[in-house]
Structures are given as C-alpha cells and as structure tokens.
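Quick look at input-v5.txt (compact mmCIF, N, CA and C atoms):
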```txt
# COMPACT_ATOMS: atom_id res chain seq x y z
N MET A 25 24.01 31.02 -6.63
CA MET A 25 24.15 29.65 -6.23
C MET A 25 23.18 28.76 -7.00
N VAL A 26 22.00 29.27 -7.25
CA VAL A 26 21.00 28.50 -7.99
C VAL A 26 21.46 28.27 -9.42
N VAL A 27 22.13 29.28 -10.00
CA VAL A 27 22.63 29.15 -11.37
C VAL A 27 23.69 28.05 -11.45
N GLY A 28 24.54 27.98 -10.46
CA GLY A 28 25.57 26.94 -10.44
C GLY A 28 24.99 25.55 -10.32
N ILE A 29 24.01 25.40 -9.46
CA ILE A 29 23.37 24.09 -9.31
C ILE A 29 22.62 23.73 -10.57
N LEU A 30 21.94 24.70 -11.17
CA LEU A 30 21.22 24.46 -12.41
C LEU A 30 22.19 24.09 -13.54
N ALA A 31 23.32 24.78 -13.61
CA ALA A 31 24.32 24.45 -14.63
C ALA A 31 24.87 23.05 -14.42
N PHE A 32 25.09 22.69 -13.17
CA PHE A 32 25.61 21.36 -12.88
C PHE A 32 24.66 20.27 -13.36
N PHE A 33 23.38 20.40 -13.00
CA PHE A 33 22.43 19.36 -13.37
C PHE A 33 22.07 19.42 -14.85
N THR A 34 22.16 20.59 -15.46
CA THR A 34 21.79 20.72 -16.86
C THR A 34 22.89 20.25 -17.79
N PHE A 35 24.15 20.47 -17.44
CA PHE A 35 25.23 20.20 -18.37
C PHE A 35 26.14 19.04 -18.00
N ILE A 36 26.36 18.79 -16.74
CA ILE A 36 27.33 17.79 -16.35
C ILE A 36 26.72 16.39 -16.27
N ILE A 37 25.61 16.26 -15.59
CA ILE A 37 24.99 14.94 -15.45
C ILE A 37 24.64 14.33 -16.80
N PRO A 38 24.02 15.09 -17.74
CA PRO A 38 23.74 14.49 -19.05
C PRO A 38 24.99 14.07 -19.83
N VAL A 39 26.11 14.75 -19.59
CA VAL A 39 27.35 14.36 -20.28
C VAL A 39 27.72 12.93 -19.91
N PHE A 40 27.74 12.63 -18.63
CA PHE A 40 28.15 11.31 -18.21
C PHE A 40 27.14 10.23 -18.58
N ILE A 41 25.85 10.59 -18.57
CA ILE A 41 24.82 9.62 -18.96
C ILE A 41 24.94 9.30 -20.44
N THR A 42 25.07 10.32 -21.29
CA THR A 42 25.13 10.07 -22.73
C THR A 42 26.44 9.45 -23.16
N VAL A 43 27.53 9.79 -22.49
CA VAL A 43 28.82 9.19 -22.87
C VAL A 43 28.81 7.70 -22.56
N ARG A 44 28.18 7.31 -21.47
CA ARG A 44 28.12 5.89 -21.12
C ARG A 44 27.19 5.13 -22.05
N LYS A 45 26.10 5.75 -22.49
CA LYS A 45 25.15 5.06 -23.36
C LYS A 45 25.62 5.03 -24.81
N ASP A 46 26.35 6.05 -25.23
CA ASP A 46 26.77 6.16 -26.62
C ASP A 46 28.13 5.49 -26.80
N LYS A 47 28.14 4.23 -27.13
CA LYS A 47 29.39 3.48 -27.27
C LYS A 47 29.85 3.38 -28.72
N LYS A 48 29.06 3.89 -29.68
CA LYS A 48 29.42 3.71 -31.07
C LYS A 48 30.39 4.75 -31.60
N GLY A 49 30.44 5.95 -31.02
CA GLY A 49 31.34 7.00 -31.48
C GLY A 49 32.68 6.93 -30.78
N ASN A 50 33.53 7.88 -31.14
CA ASN A 50 34.83 7.99 -30.48
C ASN A 50 34.63 8.50 -29.05
N PRO A 51 35.29 7.90 -28.10
CA PRO A 51 35.16 8.40 -26.72
C PRO A 51 35.90 9.72 -26.56
N PRO A 52 35.50 10.55 -25.61
CA PRO A 52 36.22 11.80 -25.37
C PRO A 52 37.64 11.52 -24.87
N ARG A 53 38.52 12.46 -25.14
CA ARG A 53 39.90 12.34 -24.66
C ARG A 53 39.94 12.48 -23.15
N LYS A 54 40.97 11.92 -22.55
CA LYS A 54 41.10 12.00 -21.09
C LYS A 54 41.33 13.43 -20.63
N ILE A 55 42.03 14.21 -21.44
CA ILE A 55 42.26 15.61 -21.06
C ILE A 55 40.95 16.39 -21.04
N SER A 56 39.98 15.97 -21.86
CA SER A 56 38.67 16.61 -21.85
C SER A 56 37.96 16.36 -20.53
N TYR A 57 38.09 15.13 -20.02
CA TYR A 57 37.52 14.83 -18.71
C TYR A 57 38.20 15.66 -17.62
N VAL A 58 39.49 15.88 -17.75
CA VAL A 58 40.22 16.68 -16.76
C VAL A 58 39.73 18.13 -16.78
N ILE A 59 39.55 18.69 -17.98
CA ILE A 59 39.08 20.07 -18.08
C ILE A 59 37.68 20.22 -17.51
N VAL A 60 36.79 19.28 -17.84
CA VAL A 60 35.43 19.33 -17.28
C VAL A 60 35.47 19.17 -15.76
N GLY A 61 36.33 18.28 -15.28
CA GLY A 61 36.47 18.11 -13.84
C GLY A 61 36.96 19.37 -13.15
N LEU A 62 37.92 20.07 -13.77
CA LEU A 62 38.41 21.33 -13.20
C LEU A 62 37.33 22.41 -13.23
N LEU A 63 36.55 22.46 -14.30
CA LEU A 63 35.44 23.42 -14.36
C LEU A 63 34.44 23.15 -13.24
N VAL A 64 34.08 21.89 -13.06
CA VAL A 64 33.13 21.53 -12.01
C VAL A 64 33.73 21.81 -10.63
N LEU A 65 34.99 21.47 -10.44
CA LEU A 65 35.65 21.72 -9.17
C LEU A 65 35.69 23.22 -8.85
N ASN A 66 35.94 24.03 -9.85
CA ASN A 66 35.96 25.47 -9.65
C ASN A 66 34.57 25.99 -9.29
N TRP A 67 33.52 25.45 -9.93
CA TRP A 67 32.16 25.83 -9.58
C TRP A 67 31.83 25.42 -8.15
N VAL A 68 32.21 24.23 -7.76
CA VAL A 68 31.94 23.77 -6.40
C VAL A 68 32.68 24.65 -5.39
N PHE A 69 33.94 24.97 -5.69
CA PHE A 69 34.72 25.83 -4.82
C PHE A 69 34.08 27.21 -4.69
N TYR A 70 33.54 27.72 -5.79
CA TYR A 70 32.86 29.01 -5.78
C TYR A 70 31.55 28.94 -4.99
N LEU A 71 30.79 27.88 -5.20
CA LEU A 71 29.47 27.78 -4.56
C LEU A 71 29.55 27.53 -3.06
N VAL A 72 30.62 26.91 -2.58
CA VAL A 72 30.76 26.71 -1.14
C VAL A 72 31.59 27.82 -0.50
N ASN A 73 31.74 28.93 -1.22
CA ASN A 73 32.46 30.11 -0.74
C ASN A 73 33.92 29.81 -0.39
N GLY A 74 34.56 29.04 -1.21
CA GLY A 74 35.97 28.73 -0.99
C GLY A 74 36.86 29.94 -1.16
N TYR A 75 36.47 30.85 -2.07
CA TYR A 75 37.27 32.06 -2.28
C TYR A 75 37.16 33.00 -1.08
N ALA A 76 36.10 32.92 -0.32
CA ALA A 76 35.94 33.76 0.87
C ALA A 76 36.87 33.32 1.99
N LEU A 77 37.31 32.07 1.95
CA LEU A 77 38.24 31.58 2.98
C LEU A 77 39.66 32.07 2.77
N LEU A 78 39.97 32.47 1.54
CA LEU A 78 41.31 32.98 1.24
C LEU A 78 41.41 34.44 1.67
N PRO A 79 42.62 34.92 1.94
CA PRO A 79 42.79 36.35 2.21
C PRO A 79 42.33 37.16 0.99
N THR A 80 41.86 38.36 1.22
CA THR A 80 41.23 39.17 0.18
C THR A 80 42.17 39.44 -1.00
N ASN A 81 43.41 39.80 -0.73
CA ASN A 81 44.33 40.12 -1.83
C ASN A 81 44.66 38.87 -2.67
N ILE A 82 44.73 37.72 -2.05
CA ILE A 82 45.00 36.49 -2.79
C ILE A 82 43.76 36.07 -3.59
N ALA A 83 42.60 36.17 -2.98
CA ALA A 83 41.36 35.81 -3.68
C ALA A 83 41.13 36.72 -4.88
N ASP A 84 41.40 38.01 -4.74
CA ASP A 84 41.25 38.93 -5.86
C ASP A 84 42.23 38.63 -6.97
N ALA A 85 43.44 38.22 -6.61
CA ALA A 85 44.47 37.93 -7.62
C ALA A 85 44.24 36.59 -8.31
N VAL A 86 43.53 35.68 -7.67
CA VAL A 86 43.37 34.32 -8.21
C VAL A 86 42.05 34.13 -8.94
N PHE A 87 40.99 34.78 -8.50
CA PHE A 87 39.64 34.50 -8.97
C PHE A 87 39.49 34.66 -10.49
N ILE A 88 39.75 35.83 -11.01
CA ILE A 88 39.52 36.10 -12.44
C ILE A 88 40.48 35.30 -13.33
N PRO A 89 41.79 35.23 -13.04
CA PRO A 89 42.65 34.44 -13.93
C PRO A 89 42.31 32.95 -13.98
N VAL A 90 41.91 32.39 -12.85
CA VAL A 90 41.54 30.96 -12.84
C VAL A 90 40.29 30.74 -13.68
N TRP A 91 39.28 31.58 -13.51
CA TRP A 91 38.05 31.42 -14.30
C TRP A 91 38.33 31.60 -15.78
N LEU A 92 39.13 32.62 -16.13
CA LEU A 92 39.42 32.84 -17.55
C LEU A 92 40.23 31.70 -18.15
N ALA A 93 41.21 31.21 -17.42
CA ALA A 93 42.02 30.10 -17.93
C ALA A 93 41.16 28.85 -18.13
N LEU A 94 40.26 28.57 -17.20
CA LEU A 94 39.38 27.41 -17.36
C LEU A 94 38.37 27.62 -18.49
N CYS A 95 37.93 28.85 -18.69
CA CYS A 95 37.01 29.10 -19.81
C CYS A 95 37.71 28.94 -21.15
N VAL A 96 38.94 29.40 -21.25
CA VAL A 96 39.70 29.21 -22.49
C VAL A 96 39.96 27.72 -22.72
N ALA A 97 40.35 27.01 -21.68
CA ALA A 97 40.58 25.57 -21.81
C ALA A 97 39.29 24.84 -22.17
N GLY A 98 38.18 25.26 -21.59
CA GLY A 98 36.89 24.65 -21.91
C GLY A 98 36.48 24.93 -23.34
N ALA A 99 36.75 26.15 -23.84
CA ALA A 99 36.42 26.47 -25.23
C ALA A 99 37.26 25.66 -26.20
N ILE A 100 38.54 25.50 -25.89
CA ILE A 100 39.41 24.68 -26.75
C ILE A 100 38.95 23.22 -26.72
N THR A 101 38.61 22.74 -25.54
CA THR A 101 38.13 21.36 -25.41
C THR A 101 36.83 21.16 -26.17
N ALA A 102 35.91 22.10 -26.03
CA ALA A 102 34.62 21.97 -26.73
C ALA A 102 34.82 22.00 -28.23
N THR A 103 35.70 22.86 -28.72
CA THR A 103 35.97 22.93 -30.16
C THR A 103 36.59 21.63 -30.66
N TYR A 104 37.56 21.13 -29.93
CA TYR A 104 38.22 19.90 -30.35
C TYR A 104 37.26 18.71 -30.28
N GLU A 105 36.51 18.63 -29.20
CA GLU A 105 35.59 17.50 -29.03
C GLU A 105 34.39 17.59 -29.96
N PHE A 106 34.06 18.78 -30.46
CA PHE A 106 32.96 18.90 -31.40
C PHE A 106 33.27 18.14 -32.69
N LYS A 107 34.54 18.10 -33.06
CA LYS A 107 34.95 17.31 -34.22
C LYS A 107 34.96 15.83 -33.90
N ASN A 108 35.22 15.49 -32.66
CA ASN A 108 35.40 14.11 -32.24
C ASN A 108 34.11 13.49 -31.70
N ASN A 109 33.43 14.19 -30.78
CA ASN A 109 32.28 13.65 -30.08
C ASN A 109 31.33 14.78 -29.73
N LYS A 110 30.29 14.99 -30.54
CA LYS A 110 29.37 16.11 -30.36
C LYS A 110 28.53 15.99 -29.10
N VAL A 111 28.23 14.77 -28.69
CA VAL A 111 27.41 14.56 -27.49
C VAL A 111 28.13 15.09 -26.25
N PHE A 112 29.42 14.97 -26.21
CA PHE A 112 30.22 15.44 -25.09
C PHE A 112 30.51 16.94 -25.22
N ALA A 113 30.66 17.43 -26.44
CA ALA A 113 31.10 18.80 -26.66
C ALA A 113 30.04 19.84 -26.34
N ILE A 114 28.79 19.53 -26.61
CA ILE A 114 27.73 20.53 -26.41
C ILE A 114 27.55 20.89 -24.93
N PRO A 115 27.45 19.94 -24.01
CA PRO A 115 27.37 20.34 -22.59
C PRO A 115 28.63 21.02 -22.07
N VAL A 116 29.80 20.62 -22.57
CA VAL A 116 31.04 21.29 -22.16
C VAL A 116 31.02 22.74 -22.63
N ALA A 117 30.55 22.97 -23.84
CA ALA A 117 30.45 24.34 -24.35
C ALA A 117 29.45 25.15 -23.53
N GLY A 118 28.34 24.54 -23.14
CA GLY A 118 27.36 25.25 -22.32
C GLY A 118 27.91 25.64 -20.97
N LEU A 119 28.60 24.72 -20.33
CA LEU A 119 29.21 25.02 -19.02
C LEU A 119 30.29 26.09 -19.16
N THR A 120 31.04 26.05 -20.24
CA THR A 120 32.07 27.04 -20.47
C THR A 120 31.47 28.42 -20.68
N ILE A 121 30.38 28.50 -21.44
CA ILE A 121 29.73 29.79 -21.69
C ILE A 121 29.16 30.36 -20.40
N ILE A 122 28.53 29.53 -19.59
CA ILE A 122 28.00 30.00 -18.31
C ILE A 122 29.14 30.48 -17.40
N SER A 123 30.25 29.76 -17.39
CA SER A 123 31.40 30.17 -16.58
C SER A 123 31.97 31.49 -17.07
N LEU A 124 32.06 31.65 -18.39
CA LEU A 124 32.59 32.89 -18.94
C LEU A 124 31.68 34.07 -18.63
N LEU A 125 30.37 33.86 -18.74
CA LEU A 125 29.43 34.93 -18.40
C LEU A 125 29.52 35.32 -16.93
N LEU A 126 29.66 34.33 -16.04
CA LEU A 126 29.83 34.63 -14.62
C LEU A 126 31.12 35.40 -14.38
N CYS A 127 32.17 35.02 -15.05
CA CYS A 127 33.46 35.70 -14.89
C CYS A 127 33.37 37.16 -15.34
N ILE A 128 32.77 37.40 -16.50
CA ILE A 128 32.61 38.75 -17.01
C ILE A 128 31.72 39.57 -16.10
N PHE A 129 30.63 38.97 -15.64
CA PHE A 129 29.70 39.64 -14.74
C PHE A 129 30.38 40.01 -13.43
N SER A 130 31.10 39.08 -12.83
CA SER A 130 31.75 39.37 -11.55
C SER A 130 32.88 40.38 -11.72
N TYR A 131 33.58 40.35 -12.85
CA TYR A 131 34.63 41.34 -13.11
C TYR A 131 34.01 42.73 -13.26
N GLY A 132 32.88 42.81 -13.95
CA GLY A 132 32.20 44.09 -14.12
C GLY A 132 31.68 44.64 -12.81
N ILE A 133 31.11 43.75 -11.97
CA ILE A 133 30.60 44.18 -10.67
C ILE A 133 31.75 44.66 -9.77
N SER A 134 32.88 43.97 -9.82
CA SER A 134 33.99 44.33 -8.94
C SER A 134 34.64 45.65 -9.33
N ASN A 135 34.48 46.06 -10.60
CA ASN A 135 35.07 47.33 -11.03
C ASN A 135 34.13 48.52 -10.86
N MET A 136 32.96 48.32 -10.33
CA MET A 136 32.02 49.44 -10.16
C MET A 136 32.39 50.28 -8.95
```
Write out the structure in this file as structure tokens.
Amino acid sequence: MVVGILAFFTFIIPVFITVRKDKKGNPPRKISYVIVGLLVLNWVFYLVNGYALLPTNIADAVFIPVWLALCVAGAITATYEFKNNKVFAIPVAGLTIISLLLCIFSYGISNM
C-alpha cells in the first residue's frame, strides 16, 4: 500500500503540475490522459482492496490481464509521448514500470 501511495505522489502529481506550467511544448494527447487515468484508477482499486470484493474466481481471472493490458498501454503511451512531450512521458513510464513490476511480483507469488 505504501508503494502505491508513493508511486502516486512521485509520478502522477508532478505530471499534472508540469503539464500545466509547461505551455511551450506540444500538449499530451487526450488518449494519454485516459491511459494514465486508467492506471491510477486501477491502483486505487487495488489499494482499497476492490479485487477482494469480487468472487475469487473472477478476481483471479481479471487481475493479471487487466494489469498487463494497462502496462502495455502505458508503455505504448510513454513511447509515443516521449517523442511528443518528454515531461509527461517520464512519469507515465515510471508508473508503468512500477505497475509491471507489481504484476510480475504478484503473478510469481500466486504461482508458489
């Protein structure tokens, strides 16, 4: 839980602060905001134990594919935005890497 809160304050808050202050470059695409929003929403859902509210077989079937799909979408977004807007791309890439590491870690723990 501490890692999620740390990731939120380390990567998400600076994105919005720097994007608002940096008006000279190209703004991020709207789809990039959607992907970041879905990543944050998934983290919030995970941190408030939203997956525990679902039945076990549904939570097991949904957890890993959702995290992996959002990590792939975040990686594509970070790559595309790195060409367009580096200030936005670096925190998105950081959040994506942390999400991917959590996904791999939880998948490894669940298979033990």
* To do: Find the residues around Trp91 of chain A up to 7 Å (all atoms listed in the file counted), leave out those fewer than 5 positions away in its own chain, and share them as a list of chain:residue names.
  => A:Val86, A:Val96, A:Ser123, A:Leu124, A:Cys127
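If only C-alpha atoms are the atoms counted, then among A:Ile121, A:Leu63, A:Ile133, A:Val58 the closest residue to Val90 of chain A is A:Leu63.
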* Report the residues of segment 44-119 of chain A whose backbone DSSP state falls under helix (DSSP H, G or I), written as a VMD selection string. => chain A and resid 44 to 45 54 to 71 74 to 77 80 to 108 110 to 119
For segment 94-104 of chain A, take all atoms listed in the file, fit an axis-aligned box around them, add 6 Å to each of the six sides, then output centre and edge lengths in Å rounded to one decimal, as lines of an AutoDock Vina configuration file.
```
center_x = 37.6
center_y = 24.1
center_z = -23.9
size_x = 18.0
size_y = 22.7
size_z = 25.5
```
* Structure fact -> atom C of Ala85 of chain A sits from atom N of Trp67 of chain A at a separation of 15.5 Å
* Please measure the separation of atom CA of Ala97 of chain A and atom CA of Ile82 of chain A, giving the value in Å to one decimal. =>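 We find that atom CA of Ala97 of chain A and atom CA of Ile82 of chain A lie 22.4 Å from each other.
The space separating atom CA of Ala117 of chain A from atom CA of Ala102 of chain A comes to 5.4 Å.
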* Glu105 of chain A: which residues within 12 Å, counting only C-alpha atoms, same-chain residues fewer than 2 positions away excluded, as a VMD selection string? -> chain A and resid 49 to 57 59 to 60 97 to 103 107 to 117
* Close residues, Ile88 of chain A itself excluded, 12 Å, only C-alpha atoms, min 3 positions apart in chain, as JSON, numbers by chain -> {"A": [66, 70, 75, 82, 83, 84, 85, 91, 92, 93, 94, 95, 123, 124, 125, 126, 127, 128, 129, 130, 131, 132, 134]}
